[in-house]
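Trainee: To start, I am sharing the structure in question, which I have written as structure tokens.
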Amino acid sequence: MTGRSHSDTTMLIAQITDLHIRPRGKPAYRVSETNALTERALDVVARLQPRPDLLVITGDLTDCGLAEEYALLKGMLSRLGMPVLVVPGNHDRRETLTAGLAFDPRQVLDGGFVQFVADLPAMRLIGLDTLLPGKSAGALCATRLSFLDKALTEADGKPVAIFMHHPPFDCGIAHMDAIRLLDGAQEFAAIVARHPNIERILCGHHHRPIVTRFAGTIAQIAPSVTHQVTLDLSETSDSTFHLEPPAYLLHSFREGAGFVTHTAYVERFPGPYPFVLDADYPGSH
């Protein structure tokens, strides 16, 4: 396997989200072959060169939080060959998740929540558990908000990326805005605003690539590696999805240059082709 070629001060973090693993032979919503789609996405991430320093999965690891679903995912991740950090989504069950997966030592399971703090050479990664059992919307209680505030304070000015499932902002897709982070959202925004070293808030849940400004930083939603929520910005949007190309985010942080995010597609397309410039090209050759 080819070694890493980027600078030691450059960190690469792959983010995938909304896997919705199902029991073997059962597609999600009777249409989306989520297990095969997830395996394909993990294979693409595993073959990236240079290799990411780690993979973060931002929730909805499974579709129903069943033991069989986590067992299947555990097998997939065991073949990946890189560290994995996770936070749960509304389709997950904390107890089954913690019993069914092997965790990186940087995962923090105190208080029953599935979170993490990972210090990389150039930055700190914080994972927040926004799961509210029995609900599709997300929440951050006083315990989890305190965890965040402490982890940010202890970063001591080091650049930080926060990973969570539920986005803390409205995106204009009505049925998704109704189930975003609701309880604790204002308190979360106040904490974020006090820490200017937060480079990104990185979410899942909405199954679409979405970016906005939030509390003085950039908040970004990753597309799903399975199916995508329909882009419908009408006030009465139906809850539907499309089998648009699966995609993931690849975050690069280089000391002195900052945080850059690429949206990358799982599927293969024709190419690569060289840029052969026409003789009439008006720029320099």
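Each chain in the structure tokens gets a letter, A, B, ..., in the order shown, and its residues are numbered from 1; ligands are numbered from 1 in order too.
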Within 10 Å of region 86-103 of chain A, counting only C-alpha atoms, which residues show up once you throw out same-chain ones fewer than 3 positions away? Write them as a PyMOL selection string, please.

Mentor: chain A and resi 15-18+20-21+55-75+77-78+83+106-109+112-116+126-138+163-166+179+204-205

Trainee: Just the helix (DSSP H, G or I) stuff from region 53-145 of chain A, please, per backbone DSSP, written as a PyMOL selection string.

Mentor: chain A and resi 67-78+94-100+110-112+142-145

Trainee: Which neighbours of Glu33 (chain A) fall inside 10 Å, counting only C-alpha atoms, when residues of the same chain fewer than 4 positions from it are skipped, and could you give them as a ChimeraX atom specification?

Mentor: /A:20-22,25-29,37-38,226-227

Trainee: I need the residues in region 77-262 of chain A that are strand (DSSP E or B) according to DSSP; give them as a PyMOL selection string.

Mentor: chain A and resi 84-87+107-108+115-119+124-127+138-139+160-163+181-183+198-203+210-214+217-221+228-229+241-242+247-254+258-262

Trainee: Leaving out Val211 (chain A) and any residue of its chain fewer than 4 positions from it, which residues lie within 12 Å of it when counting only C-alpha atoms, given as a PDB file with all heavy atoms, in the first residue's frame?

Mentor:
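Listed below is the output, result-v2.pdb:
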```pdb
ATOM      1  N   PRO A 167     -28.482  18.804  12.362  1.00  0.00           N
ATOM      2  CA  PRO A 167     -28.035  20.177  12.122  1.00  0.00           C
ATOM      3  C   PRO A 167     -28.733  21.149  13.073  1.00  0.00           C
ATOM      4  O   PRO A 167     -29.901  20.962  13.424  1.00  0.00           O
ATOM      5  CB  PRO A 167     -28.462  20.444  10.672  1.00  0.00           C
ATOM      6  CG  PRO A 167     -28.666  19.094  10.066  1.00  0.00           C
ATOM      7  CD  PRO A 167     -29.144  18.224  11.186  1.00  0.00           C
ATOM      8  N   PRO A 168     -28.054  22.231  13.460  1.00  0.00           N
ATOM      9  CA  PRO A 168     -28.646  23.195  14.379  1.00  0.00           C
ATOM     10  C   PRO A 168     -29.333  24.363  13.685  1.00  0.00           C
ATOM     11  O   PRO A 168     -29.624  25.369  14.325  1.00  0.00           O
ATOM     12  CB  PRO A 168     -27.423  23.677  15.169  1.00  0.00           C
ATOM     13  CG  PRO A 168     -26.322  23.648  14.158  1.00  0.00           C
ATOM     14  CD  PRO A 168     -26.604  22.463  13.261  1.00  0.00           C
ATOM     15  N   PHE A 169     -29.577  24.270  12.383  1.00  0.00           N
ATOM     16  CA  PHE A 169     -30.118  25.398  11.627  1.00  0.00           C
ATOM     17  C   PHE A 169     -31.195  24.916  10.641  1.00  0.00           C
ATOM     18  O   PHE A 169     -31.228  23.750  10.256  1.00  0.00           O
ATOM     19  CB  PHE A 169     -29.006  26.115  10.860  1.00  0.00           C
ATOM     20  CG  PHE A 169     -28.293  25.239   9.855  1.00  0.00           C
ATOM     21  CD1 PHE A 169     -28.733  25.139   8.544  1.00  0.00           C
ATOM     22  CD2 PHE A 169     -27.174  24.506  10.229  1.00  0.00           C
ATOM     23  CE1 PHE A 169     -28.092  24.329   7.623  1.00  0.00           C
ATOM     24  CE2 PHE A 169     -26.510  23.687   9.314  1.00  0.00           C
ATOM     25  CZ  PHE A 169     -26.978  23.598   8.015  1.00  0.00           C
ATOM     26  N   ASP A 170     -32.063  25.846  10.246  1.00  0.00           N
ATOM     27  CA  ASP A 170     -33.047  25.562   9.202  1.00  0.00           C
ATOM     28  C   ASP A 170     -32.374  25.594   7.838  1.00  0.00           C
ATOM     29  O   ASP A 170     -31.527  26.453   7.568  1.00  0.00           O
ATOM     30  CB  ASP A 170     -34.175  26.602   9.224  1.00  0.00           C
ATOM     31  CG  ASP A 170     -35.158  26.380  10.374  1.00  0.00           C
ATOM     32  OD1 ASP A 170     -35.211  25.250  10.908  1.00  0.00           O
ATOM     33  OD2 ASP A 170     -35.866  27.343  10.723  1.00  0.00           O
ATOM     34  N   CYS A 171     -32.783  24.673   6.963  1.00  0.00           N
ATOM     35  CA  CYS A 171     -32.198  24.627   5.623  1.00  0.00           C
ATOM     36  C   CYS A 171     -33.216  24.917   4.532  1.00  0.00           C
ATOM     37  O   CYS A 171     -32.852  25.027   3.365  1.00  0.00           O
ATOM     38  CB  CYS A 171     -31.549  23.271   5.378  1.00  0.00           C
ATOM     39  SG  CYS A 171     -32.744  21.940   5.123  1.00  0.00           S
ATOM     40  N   GLY A 172     -34.504  25.017   4.877  1.00  0.00           N
ATOM     41  CA  GLY A 172     -35.522  25.323   3.876  1.00  0.00           C
ATOM     42  C   GLY A 172     -36.293  24.128   3.383  1.00  0.00           C
ATOM     43  O   GLY A 172     -37.291  24.288   2.662  1.00  0.00           O
ATOM     44  N   ARG A 200     -15.443  24.279  11.927  1.00  0.00           N
ATOM     45  CA  ARG A 200     -16.607  23.699  11.261  1.00  0.00           C
ATOM     46  C   ARG A 200     -17.528  23.041  12.275  1.00  0.00           C
ATOM     47  O   ARG A 200     -17.078  22.508  13.293  1.00  0.00           O
ATOM     48  CB  ARG A 200     -16.202  22.603  10.261  1.00  0.00           C
ATOM     49  CG  ARG A 200     -15.486  23.041   9.027  1.00  0.00           C
ATOM     50  CD  ARG A 200     -16.419  23.726   8.018  1.00  0.00           C
ATOM     51  NE  ARG A 200     -15.762  23.845   6.735  1.00  0.00           N
ATOM     52  CZ  ARG A 200     -14.832  24.754   6.446  1.00  0.00           C
ATOM     53  NH1 ARG A 200     -14.454  25.610   7.372  1.00  0.00           N
ATOM     54  NH2 ARG A 200     -14.286  24.792   5.238  1.00  0.00           N
ATOM     55  N   ILE A 201     -18.825  23.056  11.973  1.00  0.00           N
ATOM     56  CA  ILE A 201     -19.813  22.184  12.594  1.00  0.00           C
ATOM     57  C   ILE A 201     -20.284  21.256  11.485  1.00  0.00           C
ATOM     58  O   ILE A 201     -20.826  21.713  10.469  1.00  0.00           O
ATOM     59  CB  ILE A 201     -20.988  22.988  13.182  1.00  0.00           C
ATOM     60  CG1 ILE A 201     -20.484  23.941  14.264  1.00  0.00           C
ATOM     61  CG2 ILE A 201     -22.049  22.051  13.741  1.00  0.00           C
ATOM     62  CD1 ILE A 201     -21.514  24.958  14.687  1.00  0.00           C
ATOM     63  N   LEU A 202     -20.072  19.959  11.651  1.00  0.00           N
ATOM     64  CA  LEU A 202     -20.257  18.987  10.574  1.00  0.00           C
ATOM     65  C   LEU A 202     -21.341  17.984  10.954  1.00  0.00           C
ATOM     66  O   LEU A 202     -21.225  17.287  11.961  1.00  0.00           O
ATOM     67  CB  LEU A 202     -18.932  18.288  10.275  1.00  0.00           C
ATOM     68  CG  LEU A 202     -17.841  19.265   9.805  1.00  0.00           C
ATOM     69  CD1 LEU A 202     -16.457  18.641   9.938  1.00  0.00           C
ATOM     70  CD2 LEU A 202     -18.098  19.696   8.368  1.00  0.00           C
ATOM     71  N   CYS A 203     -22.382  17.942  10.133  1.00  0.00           N
ATOM     72  CA  CYS A 203     -23.594  17.205  10.491  1.00  0.00           C
ATOM     73  C   CYS A 203     -23.954  16.167   9.432  1.00  0.00           C
ATOM     74  O   CYS A 203     -23.369  16.102   8.360  1.00  0.00           O
ATOM     75  CB  CYS A 203     -24.768  18.173  10.644  1.00  0.00           C
ATOM     76  SG  CYS A 203     -24.413  19.626  11.661  1.00  0.00           S
ATOM     77  N   GLY A 204     -24.990  15.398   9.753  1.00  0.00           N
ATOM     78  CA  GLY A 204     -25.622  14.467   8.822  1.00  0.00           C
ATOM     79  C   GLY A 204     -27.108  14.755   8.783  1.00  0.00           C
ATOM     80  O   GLY A 204     -27.541  15.886   8.750  1.00  0.00           O
ATOM     81  N   HIS A 206     -29.758  15.206   7.103  1.00  0.00           N
ATOM     82  CA  HIS A 206     -30.582  15.771   6.036  1.00  0.00           C
ATOM     83  C   HIS A 206     -30.347  15.124   4.668  1.00  0.00           C
ATOM     84  O   HIS A 206     -31.051  15.465   3.709  1.00  0.00           O
ATOM     85  CB  HIS A 206     -30.336  17.285   5.918  1.00  0.00           C
ATOM     86  CG  HIS A 206     -31.041  18.098   6.961  1.00  0.00           C
ATOM     87  ND1 HIS A 206     -31.656  17.544   8.061  1.00  0.00           N
ATOM     88  CD2 HIS A 206     -31.230  19.445   7.068  1.00  0.00           C
ATOM     89  CE1 HIS A 206     -32.185  18.507   8.802  1.00  0.00           C
ATOM     90  NE2 HIS A 206     -31.930  19.661   8.221  1.00  0.00           N
ATOM     91  N   THR A 217     -19.352  30.713  12.738  1.00  0.00           N
ATOM     92  CA  THR A 217     -18.511  29.735  12.049  1.00  0.00           C
ATOM     93  C   THR A 217     -19.280  29.169  10.859  1.00  0.00           C
ATOM     94  O   THR A 217     -20.311  29.704  10.448  1.00  0.00           O
ATOM     95  CB  THR A 217     -18.059  28.615  13.015  1.00  0.00           C
ATOM     96  OG1 THR A 217     -17.079  27.794  12.357  1.00  0.00           O
ATOM     97  CG2 THR A 217     -19.224  27.765  13.483  1.00  0.00           C
ATOM     98  N   ILE A 218     -18.776  28.090  10.278  1.00  0.00           N
ATOM     99  CA  ILE A 218     -19.416  27.458   9.125  1.00  0.00           C
ATOM    100  C   ILE A 218     -20.023  26.132   9.582  1.00  0.00           C
ATOM    101  O   ILE A 218     -19.345  25.313  10.201  1.00  0.00           O
ATOM    102  CB  ILE A 218     -18.413  27.216   7.989  1.00  0.00           C
ATOM    103  CG1 ILE A 218     -17.850  28.553   7.496  1.00  0.00           C
ATOM    104  CG2 ILE A 218     -19.061  26.460   6.830  1.00  0.00           C
ATOM    105  CD1 ILE A 218     -16.696  28.411   6.532  1.00  0.00           C
ATOM    106  N   ALA A 219     -21.309  25.942   9.261  1.00  0.00           N
ATOM    107  CA  ALA A 219     -21.979  24.666   9.527  1.00  0.00           C
ATOM    108  C   ALA A 219     -22.258  23.987   8.196  1.00  0.00           C
ATOM    109  O   ALA A 219     -22.697  24.628   7.238  1.00  0.00           O
ATOM    110  CB  ALA A 219     -23.270  24.888  10.307  1.00  0.00           C
ATOM    111  N   GLN A 220     -22.011  22.686   8.157  1.00  0.00           N
ATOM    112  CA  GLN A 220     -22.082  21.959   6.888  1.00  0.00           C
ATOM    113  C   GLN A 220     -22.731  20.602   7.104  1.00  0.00           C
ATOM    114  O   GLN A 220     -22.444  19.904   8.079  1.00  0.00           O
ATOM    115  CB  GLN A 220     -20.670  21.795   6.322  1.00  0.00           C
ATOM    116  CG  GLN A 220     -20.599  21.187   4.947  1.00  0.00           C
ATOM    117  CD  GLN A 220     -19.220  21.363   4.325  1.00  0.00           C
ATOM    118  OE1 GLN A 220     -18.285  21.823   4.980  1.00  0.00           O
ATOM    119  NE2 GLN A 220     -19.086  21.018   3.067  1.00  0.00           N
ATOM    120  N   ILE A 221     -23.608  20.227   6.187  1.00  0.00           N
ATOM    121  CA  ILE A 221     -24.265  18.920   6.226  1.00  0.00           C
ATOM    122  C   ILE A 221     -23.686  18.067   5.110  1.00  0.00           C
ATOM    123  O   ILE A 221     -23.575  18.502   3.960  1.00  0.00           O
ATOM    124  CB  ILE A 221     -25.783  19.056   6.053  1.00  0.00           C
ATOM    125  CG1 ILE A 221     -26.370  19.965   7.136  1.00  0.00           C
ATOM    126  CG2 ILE A 221     -26.450  17.685   6.091  1.00  0.00           C
ATOM    127  CD1 ILE A 221     -27.831  20.313   6.924  1.00  0.00           C
ATOM    128  N   ALA A 222     -23.336  16.839   5.443  1.00  0.00           N
ATOM    129  CA  ALA A 222     -22.799  15.913   4.449  1.00  0.00           C
ATOM    130  C   ALA A 222     -23.931  15.176   3.744  1.00  0.00           C
ATOM    131  O   ALA A 222     -24.939  14.838   4.367  1.00  0.00           O
ATOM    132  CB  ALA A 222     -21.870  14.896   5.115  1.00  0.00           C
ATOM    133  N   PRO A 223     -23.795  14.918   2.447  1.00  0.00           N
ATOM    134  CA  PRO A 223     -24.757  14.050   1.776  1.00  0.00           C
ATOM    135  C   PRO A 223     -24.621  12.621   2.293  1.00  0.00           C
ATOM    136  O   PRO A 223     -23.622  12.265   2.915  1.00  0.00           O
ATOM    137  CB  PRO A 223     -24.347  14.146   0.301  1.00  0.00           C
ATOM    138  CG  PRO A 223     -22.902  14.513   0.337  1.00  0.00           C
ATOM    139  CD  PRO A 223     -22.707  15.357   1.568  1.00  0.00           C
ATOM    140  N   THR A 261     -12.888  21.633   2.665  1.00  0.00           N
ATOM    141  CA  THR A 261     -13.739  20.456   2.541  1.00  0.00           C
ATOM    142  C   THR A 261     -14.063  20.175   1.080  1.00  0.00           C
ATOM    143  O   THR A 261     -14.450  21.079   0.333  1.00  0.00           O
ATOM    144  CB  THR A 261     -15.054  20.658   3.326  1.00  0.00           C
ATOM    145  OG1 THR A 261     -14.749  20.785   4.716  1.00  0.00           O
ATOM    146  CG2 THR A 261     -15.982  19.467   3.135  1.00  0.00           C
ATOM    147  N   THR A 263     -16.439  17.729  -1.450  1.00  0.00           N
ATOM    148  CA  THR A 263     -17.530  16.760  -1.610  1.00  0.00           C
ATOM    149  C   THR A 263     -17.112  15.789  -2.699  1.00  0.00           C
ATOM    150  O   THR A 263     -16.811  16.197  -3.827  1.00  0.00           O
ATOM    151  CB  THR A 263     -18.842  17.464  -2.003  1.00  0.00           C
ATOM    152  OG1 THR A 263     -19.198  18.402  -0.980  1.00  0.00           O
ATOM    153  CG2 THR A 263     -19.965  16.449  -2.164  1.00  0.00           C
TER     154      THR A 263
END
```

Trainee: Please list as a VMD selection string every residue within 10 Å of Ile173 (chain A), counting only C-alpha atoms and excluding residues in the same chain fewer than 4 positions away.

Mentor: chain A and resid 177 to 178 206 229 to 239

Trainee: Just write the chosen residues, N, CA, C and O atoms, as a short mmCIF file (atom, residue, chain, number, x, y, z; two decimals), in the first residue's frame.

Mentor:
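File produced: part_30.cif:
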```cif
data_model
loop_
_atom_site.label_atom_id
_atom_site.label_comp_id
_atom_site.auth_asym_id
_atom_site.auth_seq_id
_atom_site.Cartn_x
_atom_site.Cartn_y
_atom_site.Cartn_z
N ASP A 177 -36.48 20.45 8.49
CA ASP A 177 -36.34 21.50 9.50
C ASP A 177 -37.16 21.18 10.75
O ASP A 177 -36.79 21.58 11.86
N ALA A 178 -38.25 20.45 10.58
CA ALA A 178 -39.09 20.09 11.72
C ALA A 178 -38.43 19.06 12.63
O ALA A 178 -38.86 18.88 13.78
N HIS A 206 -29.76 15.21 7.10
CA HIS A 206 -30.58 15.77 6.04
C HIS A 206 -30.35 15.12 4.67
O HIS A 206 -31.05 15.47 3.71
N VAL A 229 -32.30 13.00 0.36
CA VAL A 229 -33.60 13.64 0.54
C VAL A 229 -33.90 14.53 -0.68
O VAL A 229 -33.01 15.20 -1.21
N THR A 230 -35.15 14.52 -1.12
CA THR A 230 -35.55 15.32 -2.27
C THR A 230 -35.33 16.81 -2.00
O THR A 230 -35.70 17.32 -0.94
N LEU A 231 -34.71 17.50 -2.95
CA LEU A 231 -34.51 18.94 -2.83
C LEU A 231 -35.81 19.65 -3.20
O LEU A 231 -36.13 19.85 -4.38
N ASP A 232 -36.57 20.00 -2.17
CA ASP A 232 -37.87 20.64 -2.34
C ASP A 232 -37.98 21.75 -1.30
O ASP A 232 -38.11 21.47 -0.11
N LEU A 233 -37.90 23.00 -1.73
CA LEU A 233 -37.89 24.14 -0.82
C LEU A 233 -39.25 24.79 -0.67
O LEU A 233 -39.36 25.91 -0.16
N SER A 234 -40.30 24.10 -1.11
CA SER A 234 -41.65 24.61 -0.88
C SER A 234 -42.03 24.44 0.58
O SER A 234 -41.48 23.59 1.28
N GLU A 235 -42.99 25.24 1.04
CA GLU A 235 -43.36 25.20 2.46
C GLU A 235 -44.09 23.93 2.84
O GLU A 235 -44.22 23.62 4.02
N THR A 236 -44.57 23.20 1.85
CA THR A 236 -45.32 21.96 2.12
C THR A 236 -44.63 20.77 1.50
O THR A 236 -45.26 19.87 0.95
N SER A 237 -43.31 20.75 1.56
CA SER A 237 -42.54 19.66 0.94
C SER A 237 -42.90 18.31 1.54
O SER A 237 -43.08 18.17 2.75
N ASP A 238 -43.06 17.32 0.66
CA ASP A 238 -43.33 15.96 1.12
C ASP A 238 -42.03 15.30 1.58
O ASP A 238 -40.94 15.66 1.13
N SER A 239 -42.16 14.33 2.46
CA SER A 239 -40.99 13.58 2.94
C SER A 239 -40.67 12.46 1.96
O SER A 239 -41.24 11.37 2.04
#
```
